[in-house]
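Asker: Mind having a look at this structure? Questions to follow.
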Amino acid sequence: MPAKEELPSTAATEELYHTNLLRLQANQLLSESILSLSSQTGLLENEVKWSNDVNNYIEKIKEIVGGIDPAVLSPSDVLMKSNEENKDEEGDRFLIKLHSDKAQRHVESDEETDKWKIPFPGGEFLQLCSINSYAANGAGLTTTSANANVIPTLDLAVLMPMKSRNDDDDDICGMVGGKDYLNGRYFDKRNILAIHIAKYLSQKKQRKQVGSVHVVNELDGDYRKVSLILTPPIPSDNIQASGKKRQKLDEKKRAKKNKKKKIHFQLRLVFGVQYDTASRNKIESNTGWIPNARLFPDRYNNKIVEVEGQLTTNDGTPNYNNSLSSDMHHLSTTQILASVSSSALKIFTESWTLLKIWCLQRGFLRGHDSFSEKSLGLTLAYLYRSKLVSTRMDSIQVFTVWMKFMSDMDWLGENDISQNRDNDDEDKFRHSSSQAYQKIDIQSTRGLKNRSGIVMPEYNMTEQQTVMNCVQNRLHASDVKGSDMDKVAPKTLLESYKVNSDSPIFLDPTMTENYFGNTSPSFIRELQIETRRALECIHVHGDHGTSTSSKCRIEPFRQLFLENMRFWKCYDAYLKLDLNDIVFPSKMNSKHQPMNFWGDDVQDLGSYEAISRGLVKVLHMALGDRVASLRILTTGNGDTTNMLDLNTDIGTKVLLDSDDIAYVPIRSTSETKFRGYKRGSIESAVANGSRQSKQIVIGVRINSDTCHRIVDRGPPADDTASTSTFVALWGESKAQLRRFKDGAIVHAVVWNDIESKPERGRIHFEDGSRFGDIVERIIRHIIRVQFNKLDAQEMPCPLFSLRNIVSLVEGTSQEEGNDIDCQMRGSDKAHKRIATAFQSLTEFLRKNTVLSTNALGVSSSTLGLPLSIDAVEALCPSLRYAQVFPPLPHPLLGGATDTSTTKRVAGAIHGDPVLIQIRFEGSSKWPQDINAMSAAKCAMLMQLAEGIEKMKQQGDSSGSQFDGPINVTPTHLDLGYSGYVFRIVVRADEELKMLNALRNPSQEAEILKQVLRKRHVVSAAHHFTIHGLHTKYPASAGVSRLMKRWLAAHMISGLIPPEAIELLVASVFTDPAPFHTPTTVPCGFMRCLHLLSIHNWSREPLIVDPEGHIDPEERSQILMMFENLRGPEYKNGPPMFIISPVDRNEDDNSWKPSFTVNTPERVVLARISALAKRSFDFLHVSLRNLNSTRDNNEWVGIFQESSSALKSYSSLLRVDREFVCDTECASTGGDLNTFEKEGLVMTPYHRSMEKRLLGPKLLKKKLYKNLIASDNSFILSWNPVQEAVARLRSELGHLALFFYNEYTPDIIAMVWRPDAFKPSSFSAMCSEYRRPIGNVWEENSLVVTNASDAMRVIKFLVRDIVTDVKILDDRQFVKSKGKSSSKRKHSPTSKNDIEESSSDDTDDN
């Protein structure tokens, strides 16, 4: 370990190392991620061996497609065969969705004139060419592992012949022309052709060359387009044989060899239109099939809606127009990517790969509302063409510039809005912690001319020159010049895009295609949040000695590229809606819905996209700054561990990859579970198994600083337009006129009502507003008012997923009940009541120990102590909001009670006392001997007890809150005050000073010093830290209690310190990287389970530094000490190495865990980590379940032990039921549901608190008016099972591990240690519980543990509380001759089996 003076130079060396570390790590990642594959064979170094196979396969596909005969196509070609034969009552179903008016008439009408016939000239007229990454020198292609476990997919464009507007000859073989751009006709044409080609490729004669063919009902997030996925056939065994040898070829050997072969790639067929890009420079040219002006964003090209009755308008359809344009630019876009990659091939490829990995880890790629691989590469190409990056930069520098560029651009125009809001003095005075005013007419991005937009520069041109030379831009200028002057129109084409489109603006050089046209404002908001965090993460390397660098638990490279941060892991709450319950505005009652906030863009976006964007838009208006982010679940957010097995026959199977995109087979069998699409139906973009989901999921990241606000004030009364909008948003019943203290009379909405309805799954938790309850209620209200039917007020409204897991540690908020009832229902009120009693006791002790001098010059205090109490410090979890079941005030200990409702009370306090410590003022009167010091501390406690008794006898009013017995022991004092049992210990700093001053301390002195330091110094500092954490992050207290409840449910009580759990929670909340700080209890709980399961405890310490007190030098010192302590094999030292600022030893500046130095043991930690992983995975799967919008309490399973888990123990000891007060928390069979009883909503927490208040049945007392608790009749601390387990662990802990649930200790489980029965030589010093191996003593015989003796001792130690013993593993017991052991081998499968087993199983041993 370096000396103290060497630490600065060591830190400087480490900073130099970290400067290049990210670059070195990135280079290693790139070497394993880049796929060297290009359409130009031999261009790239280290090209993959199977590159020729790719080229050959593509050429074969071109040949087969080119040989397709001419045909006449129609919408009937996409009708599913099963529906043709047997039409169900739901009507026809189609393989793909049809959108056009002609397709609708074709399907619904029987008239021949309405039938739509689409002539297909044949495959020879199709143009097939490679596009995107594969054609751009392979830039952007990655291996499967770097591609979210998706097989590399290469794009092949299939371009249809176009019939120009100037071509009058009907013999010209053009498929697309005329007015196909209107009303979805073009999209139906291209999609019907795609299905026709897919059917041809899947014919039996083609399968050996083509392989499997699947249809994907989207293309880069565009739901109007389909694409085809071709999976090459599995490479066959080319063993040559002749005659009989060929016939007798061993099929098993062939299959075995084929298993070693695998599919390396897939081919995606992307359909488009053949387009002459050279003609675009002619402003008068109309050679294309679409008039140039028809592609302006304000043009109206689609009048068709998917669902009858949806709102229709005459507004422009920019998204629809953009979708048309993009199909004409496949080749020109590829040329842009190829030109940039040619000039900077290596760096461009590396930068694109890093960006791709970064986006994939966050679900920002290949989704229906995210980047496509093409658009991501184009943003990088823009930086090169705009000279924002140069070819001299390395990949990390380019990556950083891209992050800076995307985060700084004002894509939505919200930067100016936020600045104007900050400068608006009228709004400022309205904001407070409980109420605020927010404008609701500024959330839409349409109409914001000042937002940023960019245009891809032409080669060797600037962006400005490109815009000036653009034909489309000049055409728009002439169009505006000739339009009606009374109409205010955007002056430039770029401004027209900003005014008419919600999406961010990134135009191609022709200004007809918006590369970001399929992305929504919510995606850009989330992207900018993550890019800013990425920049902070990168700059950790450059900021020498910053506190940010010191606090990071996960290194930047891992945060950026290795951590999975997809949708299901990065939000505080998730809400699932059923699409069938959502009604478009036009169907709502206009009387109650005077204005529409969403749905007017359904013709442009389609039904699902209009719903998803409308949800985010309206919820942003309603929630305001209560939330930090809102996001709809998109494709591209699936489980990255889900990898398709393409090496089997998949031709008739529906495939689902890690992007949650369904691949529908063109060939179907009875086992194919795809039912097709019903015309007019609305499905989610995300697949749910073999079909599209009917659910839409909203991810909410809550702002903990503002989520508890209960009042939203409306606009001033004189602003009638804004007031009408405010009332229309919230509804007339919710937005009501109110008068405020400042004299204003305005409309406002208030969220302080209680709405607990357990039958509908709705539970209003006590003080739930601190962790997002109001946010959930606002979302529910807005969905009910703006998106559901008005007559559906009683329909089950969706809830936050996993929200009811809080019922294990929290009660409900109800209007009725006395003080005790309120404390039983709300843990926060119970904890605050204890804190109030502690403050009162503190004031009493300090006030009555103040020394005063009498006439004789003798100093004394009211309590008779020779020294005044300088401080009273809290040490108990109940004083830092961390007690699972905080104690309630007892009437026999000074707590008030209502004798009219309570006839019997507990005669004992079930649980531990409230631990506090007192510190006396500095004095030289303390003895200078260790033993004498302990005696002096005991004398102080005795004097304190006598002084309190004396004040009570004298009738002093200040001592009236003391009641019940006062017990003094050599180490502590127990007394009843204000209804609670307080345990007081003395902290004598002189004692620690004395021990530190010893030159050659003995082993006993060292142990005593460590014990005293941990008990008095470290525990007090820890309490202060955790109390501050729970105050700053309200949800952290609930997470701490829930983690303790989870550990107890798995019978790990006492095997891991509660302080370790609290530090684990502190790490999740104060160092959440790579995630955001959790705001809700379920989110924080899952993050804790995740941290427990993935942290490498053997090789990494967990440094918890909530306030940033550990500087970089100290962090380096901790890491060095950890490595030295662990040793070369990482097996030494404490298994759970958790360090916090309180663990620094001031004597030698060393760092060592204070709370986890001895526990948990390695085997216990391994068990906890395994349980945490299983629990996290279970909750994650439950969260992803799209079959229900309700919280169906699936989480109950992780708080119970299964019957199979009980079989893993060696023995089970059944505890007498009389010693179990609370049965609600049982590890097996406990009731964790919430229900209504006698008008009260009873959560599991509430029921447990009730039973704990009543205490053990045998010790209950009748409550009389003048009854007091005498010394002999009341027990201040009653924990018989806990004490019995402590005796077992002390006596036999070296042979076995003992497990129990401290909250419901109905079972004590035992597991023999692995080395307990290891043979060893006999030693008189260690002869206890030993026997010879052969059960016969011989000279020099080896001995092993005598399991029978150990079991007899166990039975003796627990003889008063255990009624039954069940042995599950009897292999270590010596069996008596002639006695069958079948009885012992029987393993119970339930509680009943355990109860019925005989306790005589081991009597013969």
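Following the order of the structure tokens, first chain is A, next is B, and so on, with residues numbered from 1 inside each chain and ligands from 1 in the order they appear.
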As a ChimeraX atom specification, please: the residues near Pro913 in chain A (cut-off 6 Å, only C-alpha atoms, same-chain neighbours under 4 positions excluded).

Answerer: /A:981-983

Asker: Would you list the contacts of range 107-113 of chain A as a JSON list (two decimals) with all heavy atoms, in the first residue's frame, taking every protein, DNA or RNA residue within 10 Å and counting only C-alpha atoms, but skipping same-chain residues closer than 4 positions in sequence?

Answerer:
```json
[["chain", "number", "residue", "atom", "x", "y", "z"],
["A", 74, "SER", "N", -54.35, -8.29, -57.02],
["A", 74, "SER", "CA", -55.50, -7.63, -56.41],
["A", 74, "SER", "C", -55.42, -7.78, -54.90],
["A", 74, "SER", "O", -54.66, -8.61, -54.39],
["A", 74, "SER", "CB", -56.81, -8.24, -56.93],
["A", 74, "SER", "OG", -57.03, -9.52, -56.35],
["A", 75, "PRO", "N", -56.21, -7.01, -54.16],
["A", 75, "PRO", "CA", -56.22, -7.16, -52.69],
["A", 75, "PRO", "C", -56.61, -8.55, -52.22],
["A", 75, "PRO", "O", -56.29, -8.94, -51.10],
["A", 75, "PRO", "CB", -57.25, -6.11, -52.24],
["A", 75, "PRO", "CG", -57.22, -5.08, -53.31],
["A", 75, "PRO", "CD", -56.99, -5.84, -54.59],
["A", 76, "SER", "N", -57.29, -9.31, -53.05],
["A", 76, "SER", "CA", -57.67, -10.67, -52.65],
["A", 76, "SER", "C", -56.45, -11.57, -52.47],
["A", 76, "SER", "O", -56.55, -12.61, -51.81],
["A", 76, "SER", "CB", -58.60, -11.29, -53.70],
["A", 76, "SER", "OG", -59.79, -10.53, -53.82],
["A", 79, "LEU", "N", -55.59, -12.05, -48.83],
["A", 79, "LEU", "CA", -56.60, -12.62, -47.95],
["A", 79, "LEU", "C", -56.10, -13.97, -47.44],
["A", 79, "LEU", "O", -55.59, -14.78, -48.21],
["A", 79, "LEU", "CB", -57.91, -12.80, -48.70],
["A", 79, "LEU", "CG", -59.15, -13.16, -47.88],
["A", 79, "LEU", "CD1", -59.54, -12.00, -46.98],
["A", 79, "LEU", "CD2", -60.30, -13.52, -48.81],
["A", 92, "ASP", "N", -63.37, -11.01, -42.78],
["A", 92, "ASP", "CA", -62.12, -11.45, -43.41],
["A", 92, "ASP", "C", -60.92, -10.96, -42.63],
["A", 92, "ASP", "O", -60.93, -9.88, -42.03],
["A", 92, "ASP", "CB", -62.05, -10.92, -44.84],
["A", 92, "ASP", "CG", -63.14, -11.51, -45.72],
["A", 92, "ASP", "OD1", -63.53, -12.65, -45.44],
["A", 92, "ASP", "OD2", -63.59, -10.82, -46.66],
["A", 98, "LEU", "N", -54.39, -3.39, -45.24],
["A", 98, "LEU", "CA", -54.71, -2.64, -46.44],
["A", 98, "LEU", "C", -55.22, -1.26, -46.03],
["A", 98, "LEU", "O", -56.03, -1.14, -45.10],
["A", 98, "LEU", "CB", -55.76, -3.37, -47.27],
["A", 98, "LEU", "CG", -55.34, -4.74, -47.82],
["A", 98, "LEU", "CD1", -56.50, -5.42, -48.52],
["A", 98, "LEU", "CD2", -54.15, -4.62, -48.75],
["A", 102, "LYS", "N", -59.36, 2.16, -52.72],
["A", 102, "LYS", "CA", -59.64, 1.14, -53.73],
["A", 102, "LYS", "C", -59.68, -0.26, -53.11],
["A", 102, "LYS", "O", -60.51, -1.09, -53.49],
["A", 102, "LYS", "CB", -58.59, 1.20, -54.84],
["A", 102, "LYS", "CG", -58.72, 2.42, -55.74],
["A", 102, "LYS", "CD", -57.79, 2.30, -56.94],
["A", 102, "LYS", "CE", -58.01, 3.46, -57.91],
["A", 102, "LYS", "NZ", -57.15, 3.34, -59.11],
["A", 103, "ALA", "N", -58.78, -0.52, -52.18],
["A", 103, "ALA", "CA", -58.79, -1.82, -51.51],
["A", 103, "ALA", "C", -60.06, -1.99, -50.68],
["A", 103, "ALA", "O", -60.63, -3.07, -50.61],
["A", 103, "ALA", "CB", -57.56, -1.96, -50.63],
["A", 679, "ARG", "N", -59.67, -5.81, -41.05],
["A", 679, "ARG", "CA", -59.70, -4.45, -41.58],
["A", 679, "ARG", "C", -60.33, -3.50, -40.56],
["A", 679, "ARG", "O", -61.41, -3.74, -40.03],
["A", 679, "ARG", "CB", -60.46, -4.41, -42.89],
["A", 679, "ARG", "CG", -60.49, -3.00, -43.50],
["A", 679, "ARG", "CD", -60.97, -3.00, -44.93],
["A", 679, "ARG", "NE", -61.08, -1.65, -45.46],
["A", 679, "ARG", "CZ", -60.06, -0.92, -45.88],
["A", 679, "ARG", "NH1", -58.84, -1.45, -45.86],
["A", 679, "ARG", "NH2", -60.23, 0.30, -46.34]]
```

Asker: Please indicate the distance in Å from CA of Ser386 in chain A to CA of Arg525 in chain A, rounded to one decimal place.

Answerer: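 Those two atoms sit 23.8 Å apart.
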
Asker: Run DSSP on the backbone and give me the residues of range 527-695 of chain A it puts in strand (DSSP E or B), as a ChimeraX atom specification.

Answerer: /A:573-578,627-632,655-656,662-665,677-678,687-688,691-692,695

Asker: Counting only C-alpha atoms, what is within 12 Å of Thr334 in chain A, bar same-chain residues fewer than 2 positions away, as a ChimeraX atom specification?

Answerer: /A:129-139,155-157,326,328-332,336-341,373-375,377-378,381,508

Asker: For C-alpha atoms, I'd like the residues from the last selection saved as a PDB file, in the first residue's frame.

Answerer:
```
ATOM      1  CA  CYS A 129     -29.823  -3.518 -55.972  1.00  0.00           C
ATOM      2  CA  SER A 130     -28.114  -3.498 -52.593  1.00  0.00           C
ATOM      3  CA  ILE A 131     -28.710  -0.432 -50.400  1.00  0.00           C
ATOM      4  CA  ASN A 132     -27.800   1.094 -47.050  1.00  0.00           C
ATOM      5  CA  SER A 133     -24.918  -0.343 -44.994  1.00  0.00           C
ATOM      6  CA  TYR A 134     -24.102  -3.325 -47.192  1.00  0.00           C
ATOM      7  CA  ALA A 135     -23.776  -1.089 -50.254  1.00  0.00           C
ATOM      8  CA  ALA A 136     -21.993   1.677 -48.304  1.00  0.00           C
ATOM      9  CA  ASN A 137     -18.763  -0.287 -47.984  1.00  0.00           C
ATOM     10  CA  GLY A 138     -20.164  -2.272 -45.070  1.00  0.00           C
ATOM     11  CA  ALA A 139     -20.269   0.729 -42.716  1.00  0.00           C
ATOM     12  CA  ASP A 155     -30.925  -4.688 -47.399  1.00  0.00           C
ATOM     13  CA  LEU A 156     -31.830  -5.374 -51.023  1.00  0.00           C
ATOM     14  CA  ALA A 157     -34.066  -2.833 -52.740  1.00  0.00           C
ATOM     15  CA  SER A 326     -38.686   7.996 -48.931  1.00  0.00           C
ATOM     16  CA  MET A 328     -38.006   7.170 -54.182  1.00  0.00           C
ATOM     17  CA  HIS A 329     -34.691   7.824 -52.446  1.00  0.00           C
ATOM     18  CA  HIS A 330     -33.302   4.390 -51.571  1.00  0.00           C
ATOM     19  CA  LEU A 331     -30.462   4.731 -54.058  1.00  0.00           C
ATOM     20  CA  SER A 332     -29.677   8.404 -53.451  1.00  0.00           C
ATOM     21  CA  ILE A 336     -24.663   9.660 -49.539  1.00  0.00           C
ATOM     22  CA  LEU A 337     -23.596   6.974 -47.071  1.00  0.00           C
ATOM     23  CA  ALA A 338     -21.198   5.419 -49.592  1.00  0.00           C
ATOM     24  CA  SER A 339     -19.547   8.747 -50.444  1.00  0.00           C
ATOM     25  CA  VAL A 340     -18.875   9.583 -46.785  1.00  0.00           C
ATOM     26  CA  SER A 341     -17.650   6.092 -45.969  1.00  0.00           C
ATOM     27  CA  GLU A 373     -29.959   2.197 -39.002  1.00  0.00           C
ATOM     28  CA  LYS A 374     -30.113   4.356 -42.121  1.00  0.00           C
ATOM     29  CA  SER A 375     -31.161   7.552 -40.324  1.00  0.00           C
ATOM     30  CA  GLY A 377     -25.810   6.709 -40.274  1.00  0.00           C
ATOM     31  CA  LEU A 378     -27.140   9.796 -42.035  1.00  0.00           C
ATOM     32  CA  ALA A 381     -22.802  11.665 -42.518  1.00  0.00           C
ATOM     33  CA  ASP A 508     -32.420  15.182 -47.548  1.00  0.00           C
TER      34      ASP A 508
END
```

Asker: I'd like to know which of A:Ser693, A:Thr669, A:Thr317, A:Ser1208 is closest to Gly606 in chain A, using only C-alpha atoms.

Answerer: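 Comparing A:Ser693, A:Thr669, A:Thr317, A:Ser1208 against Gly606 in chain A, the winner is A:Thr317.
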
Asker: For each of A:Pro509, A:Arg1099, A:Leu43, A:Ala744, take the minimum atom-to-atom distance to Gln335 in chain A, counting only C-alpha atoms, then give the residue where this is smallest.

Answerer: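 Closest residue, counting only C-alpha atoms: A:Pro509.
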
Asker: Mind the document's chain letters and residue numbers, and return as a PyMOL selection string the residues of range 166-221 of chain A that DSSP labels helix (DSSP H, G or I).

Answerer: chain A and resi 185-201+204-210

Asker: Please provide as a list in words all residues within 12 Å of Glu1146 in chain A, with the sequence filter that same-chain residues fewer than 6 positions apart are discarded (counting only C-alpha atoms).

Answerer: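 So the residues in contact are Asn996, Arg1013, Val1017, Val1018 and Lys1152 of chain A.
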
Asker: Using all heavy atoms, can you write the selected residues to a file as a CSV table (one decimal), in the first residue's frame?

Answerer:
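Result file follows (result_31.csv):
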```
chain,number,residue,atom,x,y,z
A,996,ASN,N,-7.5,3.8,22.5
A,996,ASN,CA,-6.7,4.2,21.4
A,996,ASN,C,-5.3,4.6,21.9
A,996,ASN,O,-4.3,4.5,21.1
A,996,ASN,CB,-7.3,5.4,20.6
A,996,ASN,CG,-8.5,5.0,19.9
A,996,ASN,OD1,-8.6,3.9,19.4
A,996,ASN,ND2,-9.5,6.0,19.7
A,1013,ARG,N,-16.5,1.1,19.0
A,1013,ARG,CA,-16.5,2.1,17.8
A,1013,ARG,C,-17.7,1.8,16.9
A,1013,ARG,O,-18.4,2.7,16.5
A,1013,ARG,CB,-15.2,1.9,17.0
A,1013,ARG,CG,-15.1,2.9,15.8
A,1013,ARG,CD,-13.8,2.8,15.1
A,1013,ARG,NE,-13.8,3.6,14.0
A,1013,ARG,CZ,-14.3,3.3,12.8
A,1013,ARG,NH1,-14.8,2.1,12.6
A,1013,ARG,NH2,-14.3,4.2,11.8
A,1017,VAL,N,-20.0,5.0,17.5
A,1017,VAL,CA,-19.5,6.0,16.6
A,1017,VAL,C,-20.1,5.7,15.2
A,1017,VAL,O,-20.7,6.5,14.6
A,1017,VAL,CB,-18.0,6.0,16.5
A,1017,VAL,CG1,-17.5,7.1,15.5
A,1017,VAL,CG2,-17.4,6.3,17.9
A,1018,VAL,N,-19.8,4.5,14.7
A,1018,VAL,CA,-20.2,4.2,13.3
A,1018,VAL,C,-21.7,4.1,13.2
A,1018,VAL,O,-22.3,4.6,12.2
A,1018,VAL,CB,-19.6,2.8,12.9
A,1018,VAL,CG1,-20.0,2.4,11.5
A,1018,VAL,CG2,-18.0,3.0,12.9
A,1152,LYS,N,-12.2,-0.3,6.2
A,1152,LYS,CA,-12.7,-1.7,6.4
A,1152,LYS,C,-14.2,-1.7,6.7
A,1152,LYS,O,-14.6,-0.8,7.4
A,1152,LYS,CB,-11.9,-2.4,7.5
A,1152,LYS,CG,-12.1,-3.8,7.6
A,1152,LYS,CD,-11.2,-4.4,8.7
A,1152,LYS,CE,-11.4,-6.0,8.8
A,1152,LYS,NZ,-10.6,-6.5,9.9
```

Asker: Find the residues near Leu915 in chain A: any atom within 10 Å, counting only C-alpha atoms, skip ones fewer than 4 places away on the same chain, and give them as a PyMOL selection string.

Answerer: chain A and resi 873-879+972-974+981-985

Asker: Limited to C-alpha atoms, could you put the picked residues into a file as a PDB file, in the first residue's frame?

Answerer:
```pdb
ATOM      1  CA  GLU A 873     -28.343  10.191  19.543  1.00  0.00           C
ATOM      2  CA  ALA A 874     -30.663   7.832  17.688  1.00  0.00           C
ATOM      3  CA  LEU A 875     -29.457   4.383  16.643  1.00  0.00           C
ATOM      4  CA  CYS A 876     -32.699   2.541  15.909  1.00  0.00           C
ATOM      5  CA  PRO A 877     -34.128   1.930  12.399  1.00  0.00           C
ATOM      6  CA  SER A 878     -37.526   3.125  13.585  1.00  0.00           C
ATOM      7  CA  LEU A 879     -36.040   6.610  14.043  1.00  0.00           C
ATOM      8  CA  HIS A 972     -28.267  -0.687  28.946  1.00  0.00           C
ATOM      9  CA  LEU A 973     -31.397   0.732  30.526  1.00  0.00           C
ATOM     10  CA  ASP A 974     -34.923  -0.180  29.328  1.00  0.00           C
ATOM     11  CA  VAL A 981     -39.841   1.081  25.104  1.00  0.00           C
ATOM     12  CA  PHE A 982     -36.554   2.953  24.865  1.00  0.00           C
ATOM     13  CA  ARG A 983     -33.216   1.237  25.370  1.00  0.00           C
ATOM     14  CA  ILE A 984     -30.559   3.675  26.530  1.00  0.00           C
ATOM     15  CA  VAL A 985     -26.836   2.985  26.272  1.00  0.00           C
TER      16      VAL A 985
END
```

Asker: Calculate how many Å separate CA of Met162 in chain A from CA of Ser323 in chain A, rounding to one decimal.

Answerer: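 Pair CA of Met162 in chain A / CA of Ser323 in chain A returns 16.6 Å.
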